[in-house]
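Here is start_24.txt, consisting of compact mmCIF, C-alpha atoms:
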# COMPACT_ATOMS: atom_id res chain seq x y z
CA MET T 1 0.00 0.00 0.00
CA PRO T 2 1.40 3.47 -0.93
CA VAL T 3 2.54 5.65 1.96
CA SER T 4 0.03 8.37 1.02
CA TRP T 5 -2.86 5.92 1.54
CA LYS T 6 -1.55 5.00 4.99
CA VAL T 7 -1.41 8.68 5.90
CA TYR T 8 -5.01 9.14 4.75
CA ILE T 9 -6.02 6.18 6.94
CA LEU T 10 -4.43 7.98 9.89
CA ALA T 11 -6.31 11.14 8.87
CA ILE T 12 -9.62 9.24 8.91
CA ILE T 13 -8.84 7.96 12.41
CA SER T 14 -8.05 11.53 13.43
CA PHE T 15 -11.43 12.52 11.97
CA LEU T 16 -13.22 9.95 14.17
CA VAL T 17 -11.48 11.26 17.28
CA GLY T 18 -12.24 14.87 16.38
CA THR T 19 -15.90 14.02 15.81
CA SER T 20 -16.15 12.35 19.22
CA GLU T 21 -14.79 15.52 20.84
CA TYR T 22 -16.60 18.23 18.88
CA ILE T 23 -19.96 16.49 18.40
CA VAL T 24 -21.13 17.43 21.89
CA SER T 25 -21.22 21.10 20.82
CA GLY T 26 -23.53 20.23 17.92
CA ILE T 27 -26.01 18.25 20.06
CA LEU T 28 -25.71 20.12 23.35
CA ASP T 29 -29.43 20.88 23.50
CA ARG T 30 -30.28 17.21 22.85
CA ILE T 31 -27.95 15.97 25.60
CA SER T 32 -29.27 18.59 28.03
CA PHE T 33 -32.89 17.52 27.41
CA SER T 34 -32.12 13.78 27.43
CA PHE T 35 -30.33 13.81 30.79
CA GLY T 36 -32.51 16.51 32.31
CA VAL T 37 -29.54 18.78 33.08
CA SER T 38 -28.86 22.44 32.29
CA LEU T 39 -27.05 23.60 29.17
CA ALA T 40 -24.15 24.63 31.36
CA SER T 41 -23.89 21.13 32.87
CA ALA T 42 -24.03 19.56 29.42
CA GLY T 43 -21.32 21.96 28.26
CA GLN T 44 -19.01 20.73 31.02
CA LEU T 45 -18.74 17.44 29.11
CA ILE T 46 -16.44 19.34 26.75
CA THR T 47 -14.52 20.82 29.67
CA ILE T 48 -13.96 17.39 31.22
CA PHE T 49 -12.86 15.82 27.91
CA SER T 50 -10.41 18.63 27.16
CA LEU T 51 -8.91 18.71 30.65
CA VAL T 52 -8.31 14.95 30.71
CA TYR T 53 -6.85 15.09 27.19
CA ALA T 54 -4.55 18.03 28.00
CA ILE T 55 -3.25 16.81 31.35
CA CYS T 56 -3.04 13.06 30.79
CA THR T 57 -1.81 12.84 27.18
CA PRO T 58 1.76 14.15 27.83
CA ILE T 59 2.05 11.79 30.83
CA LEU T 60 0.75 8.76 28.91
CA MET T 61 2.98 9.51 25.93
CA ALA T 62 6.03 9.88 28.19
CA LEU T 63 5.25 6.54 29.85
CA THR T 64 4.78 4.77 26.51
CA ALA T 65 7.53 6.57 24.54
CA SER T 66 9.53 3.40 23.84
CA MET T 67 6.51 1.28 22.86
CA ASP T 68 6.02 0.12 19.27
CA ARG T 69 3.88 2.80 17.56
CA ARG T 70 1.48 0.40 15.87
CA SER T 71 0.77 -1.40 19.13
CA LEU T 72 0.30 1.91 20.93
CA ILE T 73 -2.23 3.30 18.46
CA LEU T 74 -4.14 -0.01 18.58
CA TYR T 75 -4.29 0.15 22.39
CA GLY T 76 -5.43 3.78 22.20
CA LEU T 77 -8.11 2.91 19.63
CA GLY T 78 -9.28 0.00 21.79
CA LEU T 79 -9.77 2.35 24.74
CA PHE T 80 -11.48 4.87 22.48
CA VAL T 81 -13.87 2.26 21.02
CA ALA T 82 -14.74 0.93 24.49
CA ALA T 83 -15.55 4.45 25.70
CA ASN T 84 -17.84 5.12 22.74
CA LEU T 85 -19.68 1.84 23.37
CA LEU T 86 -20.08 2.82 27.03
CA SER T 87 -21.47 6.21 25.92
CA PHE T 88 -24.10 4.35 23.93
CA VAL T 89 -25.18 1.78 26.55
CA LEU T 90 -24.72 3.47 29.93
CA PRO T 91 -27.67 5.47 31.32
CA GLY T 92 -27.50 8.79 33.11
CA TYR T 93 -25.32 11.91 33.05
CA GLY T 94 -22.80 10.71 35.66
CA LEU T 95 -21.90 7.52 33.81
CA PHE T 96 -21.69 9.45 30.54
CA VAL T 97 -19.07 11.68 32.22
CA VAL T 98 -17.05 8.55 33.10
CA ALA T 99 -17.26 7.39 29.47
CA ARG T 100 -16.03 10.82 28.28
CA ILE T 101 -13.01 10.59 30.60
CA ILE T 102 -12.05 7.18 29.18
CA MET T 103 -12.68 8.48 25.66
CA ALA T 104 -10.32 11.43 26.22
CA LEU T 105 -7.54 9.12 27.45
CA GLY T 106 -7.81 7.00 24.31
CA ALA T 107 -8.20 10.00 22.01
CA GLY T 108 -5.01 11.67 23.22
CA ILE T 109 -2.95 8.52 22.62
CA VAL T 110 -4.49 8.01 19.17
CA VAL T 111 -3.98 11.56 17.84
CA VAL T 112 -0.41 12.06 19.05
CA THR T 113 0.63 8.56 17.90
CA ALA T 114 -1.05 9.07 14.50
CA LEU T 115 0.97 12.28 14.02
CA ASN T 116 4.13 10.45 15.07
CA ILE T 117 3.50 7.55 12.67
CA ALA T 118 2.67 9.95 9.80
CA ALA T 119 6.03 11.69 10.22
CA LYS T 120 7.97 8.41 10.46
CA ILE T 121 6.46 6.65 7.42
CA ALA T 122 6.58 9.73 5.17
CA ARG T 123 9.19 10.07 2.44
CA GLU T 124 12.09 12.43 3.12
CA GLY T 125 10.96 16.03 2.77
CA ARG T 126 7.27 15.11 3.07
CA GLN T 127 7.01 14.80 6.86
CA ALA T 128 5.32 18.17 7.37
CA SER T 129 2.83 17.47 4.60
CA SER T 130 1.94 14.10 6.15
CA ILE T 131 1.40 15.69 9.56
CA ALA T 132 -0.76 18.41 7.95
CA THR T 133 -2.94 15.72 6.33
CA VAL T 134 -3.57 14.05 9.69
CA VAL T 135 -4.37 17.43 11.28
CA MET T 136 -6.74 18.14 8.38
CA GLY T 137 -8.62 14.96 9.26
CA PHE T 138 -9.15 16.34 12.75
CA THR T 139 -10.37 19.66 11.33
CA ALA T 140 -12.68 17.86 8.88
CA SER T 141 -14.66 16.55 11.85
CA LEU T 142 -16.03 20.10 12.16
CA ILE T 143 -17.08 20.07 8.52
CA ILE T 144 -18.59 16.61 8.21
CA GLY T 145 -18.70 14.98 11.64
CA VAL T 146 -20.58 17.63 13.62
CA PRO T 147 -23.37 18.36 11.07
CA LEU T 148 -23.69 14.64 10.24
CA GLY T 149 -23.93 13.91 13.95
CA ARG T 150 -26.66 16.52 14.31
CA MET T 151 -28.60 14.91 11.45
CA THR T 152 -28.18 11.49 13.08
CA ALA T 153 -29.41 12.86 16.40
CA ASP T 154 -32.47 14.36 14.70
CA ALA T 155 -33.22 11.12 12.82
CA ILE T 156 -32.60 8.28 15.29
CA GLY T 157 -31.26 9.75 18.53
CA TRP T 158 -27.95 11.27 19.63
CA LYS T 159 -26.59 8.16 21.36
CA TYR T 160 -26.39 6.30 18.06
CA ILE T 161 -23.63 8.70 17.01
CA PHE T 162 -21.32 7.05 19.53
CA LEU T 163 -22.34 3.57 18.44
CA GLY T 164 -21.44 4.51 14.86
CA ILE T 165 -18.06 5.93 15.94
CA ALA T 166 -17.33 2.74 17.92
CA LEU T 167 -18.07 0.52 14.92
CA LEU T 168 -15.91 2.64 12.63
CA GLY T 169 -13.20 2.54 15.27
CA LEU T 170 -13.24 -1.27 15.25
CA ILE T 171 -12.87 -1.29 11.47
CA SER T 172 -10.00 1.20 11.79
CA MET T 173 -8.21 -1.09 14.25
CA LEU T 174 -8.32 -3.93 11.72
CA ILE T 175 -7.05 -1.70 8.90
CA ILE T 176 -4.23 -0.33 11.07
CA PHE T 177 -3.17 -3.86 12.03
CA LEU T 178 -3.06 -4.92 8.37
CA THR T 179 -1.45 -1.84 6.81
CA ILE T 180 0.79 -0.03 9.31
CA PRO T 181 4.18 -1.66 9.94
CA ARG T 182 5.75 -1.99 13.36
CA ILE T 183 7.54 1.26 14.16
CA LYS T 184 10.08 1.70 16.91
CA GLY T 185 9.25 4.19 19.66
CA ASP T 186 11.29 7.24 20.66
CA GLU T 187 13.69 8.07 23.44
CA PRO T 188 11.51 9.47 26.23
CA ILE T 189 11.80 13.20 26.98
CA PRO T 190 11.30 13.84 30.73
CA LEU T 191 8.24 15.92 31.55
CA SER T 192 10.42 18.18 33.69
CA GLN T 193 12.48 19.02 30.61
CA GLN T 194 9.35 19.77 28.60
CA LEU T 195 7.81 21.95 31.32
CA ALA T 196 11.07 23.88 31.81
CA LEU T 197 10.39 25.64 28.51
CA LEU T 198 7.38 27.36 30.10
CA LYS T 199 9.78 29.51 32.14
CA GLU T 200 10.93 31.31 29.00
CA PRO T 201 8.88 34.51 28.40
CA LYS T 202 8.52 34.10 24.63
CA VAL T 203 7.34 30.48 25.02
CA ALA T 204 4.85 31.44 27.74
CA LEU T 205 3.54 34.31 25.59
CA GLY T 206 3.29 32.08 22.51
CA LEU T 207 1.26 29.50 24.41
CA ALA T 208 -0.87 32.32 25.87
CA VAL T 209 -1.80 33.32 22.30
CA THR T 210 -3.07 29.77 21.73
CA PHE T 211 -4.93 29.70 25.04
CA PHE T 212 -6.79 33.00 24.64
CA TRP T 213 -7.47 32.59 20.90
CA LEU T 214 -8.97 29.09 21.19
CA GLY T 215 -10.46 29.77 24.61
CA GLY T 216 -12.37 32.78 23.26
CA TYR T 217 -13.50 30.72 20.29
CA SER T 218 -14.61 27.84 22.54
CA ILE T 219 -16.67 30.07 24.84
CA ALA T 220 -18.98 30.85 21.91
CA TYR T 221 -18.67 27.64 19.88
CA THR T 222 -19.56 25.31 22.78
CA TYR T 223 -23.00 26.88 23.07
CA LEU T 224 -23.46 27.67 19.38
CA SER T 225 -26.47 25.41 18.71
CA PRO T 226 -28.64 26.74 21.58
CA TYR T 227 -27.41 30.28 20.82
CA LEU T 228 -28.53 30.06 17.20
CA ILE T 229 -31.94 28.69 18.19
CA THR T 230 -32.63 30.96 21.19
CA ILE T 231 -30.80 34.23 20.43
CA SER T 232 -30.39 34.31 16.64
CA GLY T 233 -33.88 32.92 16.06
CA ILE T 234 -32.72 30.23 13.62
CA ASN T 235 -35.18 27.38 13.14
CA ASP T 236 -34.00 24.05 14.57
CA SER T 237 -34.23 22.47 11.10
CA TYR T 238 -31.52 24.86 9.81
CA ILE T 239 -28.96 24.07 12.51
CA SER T 240 -27.35 21.15 10.66
CA GLY T 241 -26.92 23.34 7.57
CA ALA T 242 -25.49 26.17 9.66
CA LEU T 243 -22.95 23.82 11.24
CA LEU T 244 -22.01 22.48 7.79
CA ILE T 245 -21.36 26.01 6.50
CA PHE T 246 -19.36 26.71 9.65
CA GLY T 247 -17.24 23.61 9.07
CA ILE T 248 -16.57 24.31 5.40
CA ALA T 249 -15.45 27.82 6.29
CA SER T 250 -13.04 26.39 8.88
CA MET T 251 -11.37 24.24 6.21
CA ILE T 252 -11.05 27.20 3.83
CA GLY T 253 -9.73 29.37 6.66
CA SER T 254 -7.04 26.80 7.52
CA LYS T 255 -5.87 26.64 3.90
CA ILE T 256 -5.87 30.43 3.41
CA GLY T 257 -4.19 30.96 6.78
CA GLY T 258 -1.30 28.67 5.84
CA PHE T 259 -0.95 30.33 2.43
CA SER T 260 -1.06 33.82 3.96
CA ALA T 261 1.60 32.96 6.55
CA ASP T 262 3.93 31.74 3.78
CA ARG T 263 3.17 34.72 1.53
CA TRP T 264 2.85 37.68 3.89
CA GLY T 265 4.25 36.40 7.17
CA VAL T 266 3.06 35.03 10.50
CA TYR T 267 2.24 38.26 12.31
CA PRO T 268 0.12 39.94 9.59
CA THR T 269 -1.86 36.69 9.27
CA LEU T 270 -2.36 36.35 13.03
CA PHE T 271 -3.37 40.00 13.49
CA GLY T 272 -5.72 39.99 10.50
CA GLY T 273 -7.39 36.71 11.44
CA MET T 274 -7.90 37.56 15.11
CA LEU T 275 -9.22 41.07 14.46
CA LEU T 276 -11.78 39.64 12.01
CA HIS T 277 -12.56 36.94 14.59
CA ILE T 278 -13.37 39.60 17.20
CA LEU T 279 -15.50 41.60 14.77
CA MET T 280 -17.58 38.57 13.74
CA LEU T 281 -18.28 37.53 17.34
CA VAL T 282 -19.56 41.03 18.06
CA LEU T 283 -21.64 41.05 14.87
CA LEU T 284 -23.18 37.67 15.74
CA SER T 285 -24.76 39.27 18.79
CA LEU T 286 -26.21 42.07 16.62
CA VAL T 287 -27.49 40.05 13.66
CA THR T 288 -30.64 38.25 14.78
CA HIS T 289 -33.69 36.72 13.06
CA SER T 290 -32.03 36.89 9.65
CA VAL T 291 -30.97 33.50 8.36
CA VAL T 292 -28.81 34.96 5.59
CA GLY T 293 -27.16 37.48 7.92
CA VAL T 294 -26.43 34.91 10.62
CA LEU T 295 -25.03 32.39 8.12
CA ALA T 296 -22.79 35.07 6.57
CA VAL T 297 -21.40 36.01 9.99
CA LEU T 298 -20.90 32.33 10.90
CA LEU T 299 -18.98 31.76 7.67
CA LEU T 300 -16.65 34.71 8.27
CA TRP T 301 -16.26 33.86 11.97
CA SER T 302 -15.18 30.29 11.24
CA PHE T 303 -12.93 31.42 8.39
CA ALA T 304 -11.20 33.98 10.62
CA ALA T 305 -10.90 31.68 13.64
CA TRP T 306 -9.31 28.79 11.77
CA SER T 307 -7.00 30.93 9.64
CA THR T 308 -5.15 31.34 12.94
CA GLY T 309 -4.81 27.56 13.50
CA PRO T 310 -2.00 26.49 11.12
CA THR T 311 -0.32 29.90 11.44
CA GLN T 312 -0.09 29.62 15.22
CA GLN T 313 1.15 26.00 14.98
CA TYR T 314 4.02 27.19 12.79
CA HIS T 315 4.54 30.29 14.93
CA ILE T 316 5.05 28.12 18.03
CA THR T 317 7.84 26.13 16.34
CA THR T 318 9.71 29.33 15.40
CA LEU T 319 9.86 30.45 19.03
CA LYS T 320 12.08 27.48 19.92
CA PRO T 321 13.22 25.78 16.68
CA GLU T 322 15.61 23.38 18.43
CA ALA T 323 12.68 21.95 20.44
CA SER T 324 9.91 22.15 17.83
CA GLY T 325 8.51 18.71 18.65
CA VAL T 326 8.16 19.49 22.34
CA MET T 327 6.69 22.90 21.51
CA LEU T 328 4.01 21.31 19.31
CA GLY T 329 3.18 18.87 22.10
CA LEU T 330 2.84 21.69 24.63
CA ASN T 331 0.71 23.61 22.14
CA GLN T 332 -1.62 20.61 21.71
CA SER T 333 -2.12 20.44 25.48
CA MET T 334 -2.67 24.19 25.63
CA MET T 335 -5.32 23.91 22.90
CA GLN T 336 -7.22 21.33 24.93
CA LEU T 337 -6.90 23.41 28.10
CA ALA T 338 -8.26 26.36 26.14
CA MET T 339 -11.24 24.29 24.99
CA ALA T 340 -11.86 23.20 28.57
CA ALA T 341 -11.57 26.72 29.97
CA GLY T 342 -13.74 28.13 27.18
CA ALA T 343 -16.51 25.61 27.79
CA GLY T 344 -16.28 26.19 31.55
CA ILE T 345 -16.36 29.99 31.32
CA GLY T 346 -19.15 29.79 28.74
CA GLY T 347 -21.15 27.60 31.12
CA LEU T 348 -20.74 30.11 33.95
CA ALA T 349 -21.74 32.94 31.62
CA VAL T 350 -24.89 31.09 30.53
CA GLN T 351 -25.82 30.36 34.17
CA GLN T 352 -24.84 33.62 35.83
CA ILE T 353 -25.32 36.21 33.06
CA ALA T 354 -27.18 35.13 29.90
CA LEU T 355 -26.75 32.93 26.85
CA SER T 356 -26.40 36.09 24.76
CA SER T 357 -23.22 37.07 26.65
CA ILE T 358 -21.02 34.30 25.22
CA THR T 359 -20.13 36.16 22.01
CA TRP T 360 -18.92 39.25 23.90
CA ILE T 361 -16.88 37.24 26.41
CA GLY T 362 -15.44 35.16 23.58
CA ALA T 363 -14.44 38.33 21.73
CA ALA T 364 -12.67 39.55 24.90
CA GLY T 365 -10.65 36.30 25.00
CA VAL T 366 -9.52 36.73 21.38
CA PHE T 367 -8.61 40.36 22.14
CA LEU T 368 -6.24 39.11 24.86
CA ALA T 369 -4.69 36.72 22.31
CA THR T 370 -4.18 39.65 19.93
CA SER T 371 -2.52 41.65 22.72
CA ALA T 372 -0.14 38.76 23.52
CA THR T 373 0.74 38.50 19.82
CA LEU T 374 1.53 42.22 19.71
CA ILE T 375 3.89 41.88 22.71
CA LEU T 376 5.65 38.95 21.04
CA TYR T 377 5.99 40.92 17.81
CA ARG T 378 7.55 43.88 19.65
CA LEU T 379 9.93 41.60 21.57
CA GLY T 380 11.05 40.06 18.28
CA ALA T 381 11.47 43.47 16.65
CA GLU T 382 13.52 44.76 19.59
CA ARG T 383 15.73 41.65 19.56
CA LYS T 384 16.29 42.06 15.83
CA THR T 385 17.25 45.72 16.26
CA VAL T 386 19.76 44.85 19.01
CA LEU T 387 21.36 42.16 16.83
CA GLU T 388 21.63 44.56 13.86
CA GLN T 389 23.28 47.20 16.08
CA LYS T 390 25.85 44.63 17.30
CA LEU T 391 26.66 43.71 13.72
For this file, write the structure as structure tokens.
Amino acid sequence: MPVSWKVYILAIISFLVGTSEYIVSGILDRISFSFGVSLASAGQLITIFSLVYAICTPILMALTASMDRRSLILYGLGLFVAANLLSFVLPGYGLFVVARIIMALGAGIVVVTALNIAAKIAREGRQASSIATVVMGFTASLIIGVPLGRMTADAIGWKYIFLGIALLGLISMLIIFLTIPRIKGDEPIPLSQQLALLKEPKVALGLAVTFFWLGGYSIAYTYLSPYLITISGINDSYISGALLIFGIASMIGSKIGGFSADRWGVYPTLFGGMLLHILMLVLLSLVTHSVVGVLAVLLLWSFAAWSTGPTQQYHITTLKPEASGVMLGLNQSMMQLAMAAGAGIGGLAVQQIALSSITWIGAAGVFLATSATLILYRLGAERKTVLEQKL
């Protein structure tokens, strides 16, 4: 089997994992009604998943660093499949939380190992492209997985989404076993060595950009479905279509963001994307009861938000080029922490203030990310000026 096909298989697995994480946002109202809990409580399912993923994945990967990569991804997929089956069969909110915790443990192992395998099986000079393909699979879950999940929930019930993911996961395990060769693990990097990078100001600021950008996004996105129905006045039957448009825009934004960073540079792309992100979140609170207006804002919001994604991933590696792998790992954990914090803050806002407040609070988060980016830019400019003066 050609290497490119194997990479696409890994991308499909990444898509399944992404769908299992993001789908809760698309069916939040259904879960809330089914379990008889508040929207805020249902939203904490995303917080729990992201926290477990962010905290436990670096630890699990450090403990299993020397393990054969094919065996590791199969173990991770097995845990992931079991958790999805538990999500389908177990009754009640509390047991569903337990299933989400197990799912996050498996998901973290699967995604990081898939990225590792993609880089190792790729031809020389194609490692970055292979990794990008796997990441694109994760992003595609927003485009296909979330709206498809919403349609499934409307047709036969939301729990069947997890049954479907479990069955596809079992098929993926068989395909991985038959197509992916045994691949030697890596030399473990102590967690203390990884965390030591956080003491450096530019690294801390770079990770802060990720945290506030994605955290601000998550505050609004977590409660998007109920927001569109209750605040924007969009009919429930249009939600799946709205989520599909949102997902397509995220894919386009990722592509344009990467192109823009190569063509015009990292900082112009980050500033432009985040300023548009802020503007669209504010506009979403002003455009109500107009399907066309709301869909246009959603499209531009998603485009702007995800144009930052690949740019920030590259940006992080430039802050510490000699430790790019560790930096990407820290950034992945920071992204999950941001999702967790965003869902948690959004839940508090819905409970204590109003559902309509999430767009404004989300915009404030992205503004903080823009401010951190500006500080980094000035630090880099000052360092460059000092070096030029010495020369």
> Contacts of Thr47 (chain T) at 12 Å or less, counting only C-alpha atoms, minus same-chain residues fewer than 2 places along, as number ranges by chain?
Replying inline: T: 21-22, 24-25, 40-45, 49-54, 97, 100-101, 104, 215, 218-219, 222, 335-348
> CA of Phe246 (chain T) and CA of Leu298 (chain T), how far apart in Å?
Replying inline: 6.0 Å
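Using all atoms listed in the file, the smallest distance between any of T:Ile156, T:Val111, T:Leu28, T:Leu300 and Ile252 (chain T) comes from T:Leu300.
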> Could you pull the residues within 10 Å of Leu330 (chain T), counting all atoms listed in the file, minus those fewer than 4 positions along the same chain, as a PyMOL selection string?
Replying inline: chain T and resi 54+58+194-195+197-198+203+207+316+324-326+334-335
Might you pull out every residue within 9 Å of Leu205 (chain T), with all atoms listed in the file counted and same-chain residues fewer than 6 positions away left off, and present them as a PDB file with C-alpha atoms, in the coordinates of the input?
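Final output, saved to around_29.pdb:
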ATOM      1  CA  ALA T 372      -0.140  38.760  23.520  1.00  0.00           C
ATOM      2  CA  THR T 373       0.740  38.500  19.820  1.00  0.00           C
ATOM      3  CA  ILE T 375       3.890  41.880  22.710  1.00  0.00           C
ATOM      4  CA  LEU T 376       5.650  38.950  21.040  1.00  0.00           C
TER       5      LEU T 376
END
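Reported to one decimal place, the separation of CA of Ile55 (chain T) from CA of Leu224 (chain T) is 25.9 Å.
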